[in-house]
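Worksheet: one structure, shown below.
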Amino acid sequence: MALKMHGALSAAALGGKLGTTGEAARQQLARLADEGLVIATSEARGVGRPTQSWNLTPSAQSRFPDTHAALTVQLLGIVRNSLGEAALDTLIATREAETRAVYETALADRSSLRDKVAALAALRSAEGYMADWREEADGSLVLIENHCPICAAATACQGFCRAELDVFRSVLGPEAEVVRDEHIVAGGRRCSYVIRETDA
């Protein structure tokens, strides 16, 4: 909390703010560093040893309250109530088109369905969906998303989930049949999609 409030601090300065010694603060910082929550940088200040300053890592930053989900839901409600359902549909369609374009570019050099699904899982993981995929004994492929970073928005507006499924079907092409099997918004532990090759 002290680093969040005051920015980068030396162990001595942090100790002073916490009413303890610099050495006691350094021990706590070492423990936090082992957990990946703080990082030290050295800064030369004239003669003598460089000063070591400690700062929060992105992992630590994520532990502080973040109301972006509530803001997103509020904005969706404003769009729906002030501009109408058609405006909300336009918003979702625009996001869908932009996502499709990015995915199509990323999958352009993939020829097999397996390679496309693997690339799609990697893209989704990079976006925070904690995605993975596997091949079943019957030859079908399963794309699994263990987390939904837009869950609040998707719960407030099911159009996001419909658009997601449409994008998957589009980028995997006519040779793939994509069926959502599990759905976080519907109470599932995760979202999963069964993908089978068709005769198209």
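By convention here, the chains of the structure tokens are called A, B, ... in the order presented, each chain's residues are numbered starting at 1, and ligands are numbered starting at 1 in the order presented.
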Skipping near chain neighbours, those fewer than 4 positions away, what residues fall within 9 Å of Asp199 in chain A using only C-alpha atoms, listed as a ChimeraX atom specification?
/A:174-176
Take the residues from that selection and put them in a file with C-alpha atoms, as a PDB file, in the first residue's frame.
```pdb
ATOM      1  CA  PRO A 174     -16.613 -23.585 -43.754  1.00  0.00           C
ATOM      2  CA  GLU A 175     -14.725 -26.827 -43.122  1.00  0.00           C
ATOM      3  CA  ALA A 176     -15.391 -26.452 -39.388  1.00  0.00           C
TER       4      ALA A 176
END
```
Can you pull out every residue within 12 Å of range 49-56 of chain A, counting only C-alpha atoms, but drop anything in the same chain fewer than 6 positions away, and send it as an NGL selection string?
:A and (1-15 or 22 or 25-26 or 28-30 or 32-33 or 35-43 or 62-64)
Close residues, Asp138 in chain A itself excluded, 12 Å, only C-alpha atoms, min 2 positions apart in chain, as a PyMOL selection string
chain A and resi 134-136+140-142+194-197
Out of range 84-187 of chain A, which residues get alpha helix (DSSP H) from DSSP, as a PyMOL selection string?
chain A and resi 85-107+113-126+151-156+159-172
Write a file of the just-selected residues containing C-alpha atoms, as a compact mmCIF listing (two decimals), in the first residue's frame.
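Saved file selection_29.txt follows:
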```
# COMPACT_ATOMS: atom_id res chain seq x y z
CA GLU A 85 -30.71 -1.56 -28.91
CA ALA A 86 -29.64 -0.86 -32.51
CA ALA A 87 -26.73 1.29 -31.29
CA LEU A 88 -25.65 -1.49 -28.95
CA ASP A 89 -25.82 -3.97 -31.85
CA THR A 90 -23.65 -1.61 -33.93
CA LEU A 91 -21.10 -1.43 -31.11
CA ILE A 92 -20.92 -5.23 -30.85
CA ALA A 93 -20.80 -5.68 -34.64
CA THR A 94 -17.89 -3.23 -34.89
CA ARG A 95 -15.95 -5.06 -32.17
CA GLU A 96 -16.76 -8.37 -33.89
CA ALA A 97 -15.44 -7.10 -37.25
CA GLU A 98 -12.22 -5.80 -35.70
CA THR A 99 -11.63 -9.06 -33.82
CA ARG A 100 -12.35 -11.11 -36.95
CA ALA A 101 -9.82 -9.08 -38.96
CA VAL A 102 -7.08 -9.61 -36.35
CA TYR A 103 -7.77 -13.35 -36.12
CA GLU A 104 -7.96 -13.82 -39.90
CA THR A 105 -4.54 -12.21 -40.27
CA ALA A 106 -3.08 -14.38 -37.50
CA LEU A 107 -4.55 -17.59 -38.97
CA LEU A 113 -7.97 -27.17 -38.70
CA ARG A 114 -5.74 -28.35 -35.84
CA ASP A 115 -3.24 -25.57 -36.56
CA LYS A 116 -6.01 -22.98 -36.75
CA VAL A 117 -7.51 -24.06 -33.42
CA ALA A 118 -4.06 -24.05 -31.79
CA ALA A 119 -3.41 -20.52 -33.08
CA LEU A 120 -6.85 -19.38 -31.96
CA ALA A 121 -6.22 -20.74 -28.46
CA ALA A 122 -2.92 -18.83 -28.33
CA LEU A 123 -4.64 -15.61 -29.42
CA ARG A 124 -7.37 -16.02 -26.84
CA SER A 125 -4.84 -16.74 -24.07
CA ALA A 126 -2.98 -13.55 -24.95
CA CYS A 151 -17.69 -11.64 -18.24
CA ALA A 152 -19.41 -8.57 -16.77
CA ALA A 153 -20.04 -7.13 -20.24
CA ALA A 154 -21.12 -10.52 -21.62
CA THR A 155 -23.53 -11.02 -18.73
CA ALA A 156 -25.04 -7.57 -19.32
CA GLY A 159 -24.58 -10.14 -27.96
CA PHE A 160 -20.88 -10.39 -27.05
CA CYS A 161 -21.17 -14.17 -26.69
CA ARG A 162 -23.07 -14.51 -29.97
CA ALA A 163 -20.46 -12.39 -31.73
CA GLU A 164 -17.65 -14.50 -30.26
CA LEU A 165 -19.17 -17.69 -31.63
CA ASP A 166 -19.72 -16.05 -35.04
CA VAL A 167 -16.06 -14.96 -35.15
CA PHE A 168 -14.84 -18.49 -34.36
CA ARG A 169 -17.04 -19.95 -37.10
CA SER A 170 -15.87 -17.34 -39.58
CA VAL A 171 -12.11 -17.63 -38.98
CA LEU A 172 -12.09 -21.43 -38.80
```
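Non-sequential neighbours of Ile144 in chain A (distance at most 8 Å, separation of 2 or more positions within a chain, only C-alpha atoms) are Ala121, Ala131, Asp132, Trp133, Val142, Asn146, Arg190, Cys191, Ser192 and Tyr193 of chain A.
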Within 10 Å of Ala69 in chain A, counting only C-alpha atoms, which residues qualify if same-chain residues fewer than 3 places away don't, as a list in words?
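Counting only C-alpha atoms, the residues come to Asp66, Thr72, Val73, Gln74, Leu75, Pro149, Ile150, Cys151, Ala152 and Ala153 of chain A.
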With C-alpha atoms retained, write the just-selected residues as a short mmCIF file (atom, residue, chain, number, x, y, z; two decimals), in the first residue's frame.
```cif
data_model
loop_
_atom_site.label_atom_id
_atom_site.label_comp_id
_atom_site.auth_asym_id
_atom_site.auth_seq_id
_atom_site.Cartn_x
_atom_site.Cartn_y
_atom_site.Cartn_z
CA ASP A 66 -10.38 -2.06 -10.43
CA THR A 72 -18.27 -1.23 -18.83
CA VAL A 73 -21.66 -2.50 -17.65
CA GLN A 74 -22.74 1.06 -16.84
CA LEU A 75 -21.69 2.30 -20.30
CA PRO A 149 -12.10 -11.27 -19.01
CA ILE A 150 -15.27 -9.62 -20.38
CA CYS A 151 -17.69 -11.64 -18.24
CA ALA A 152 -19.41 -8.57 -16.77
CA ALA A 153 -20.04 -7.13 -20.24
#
```
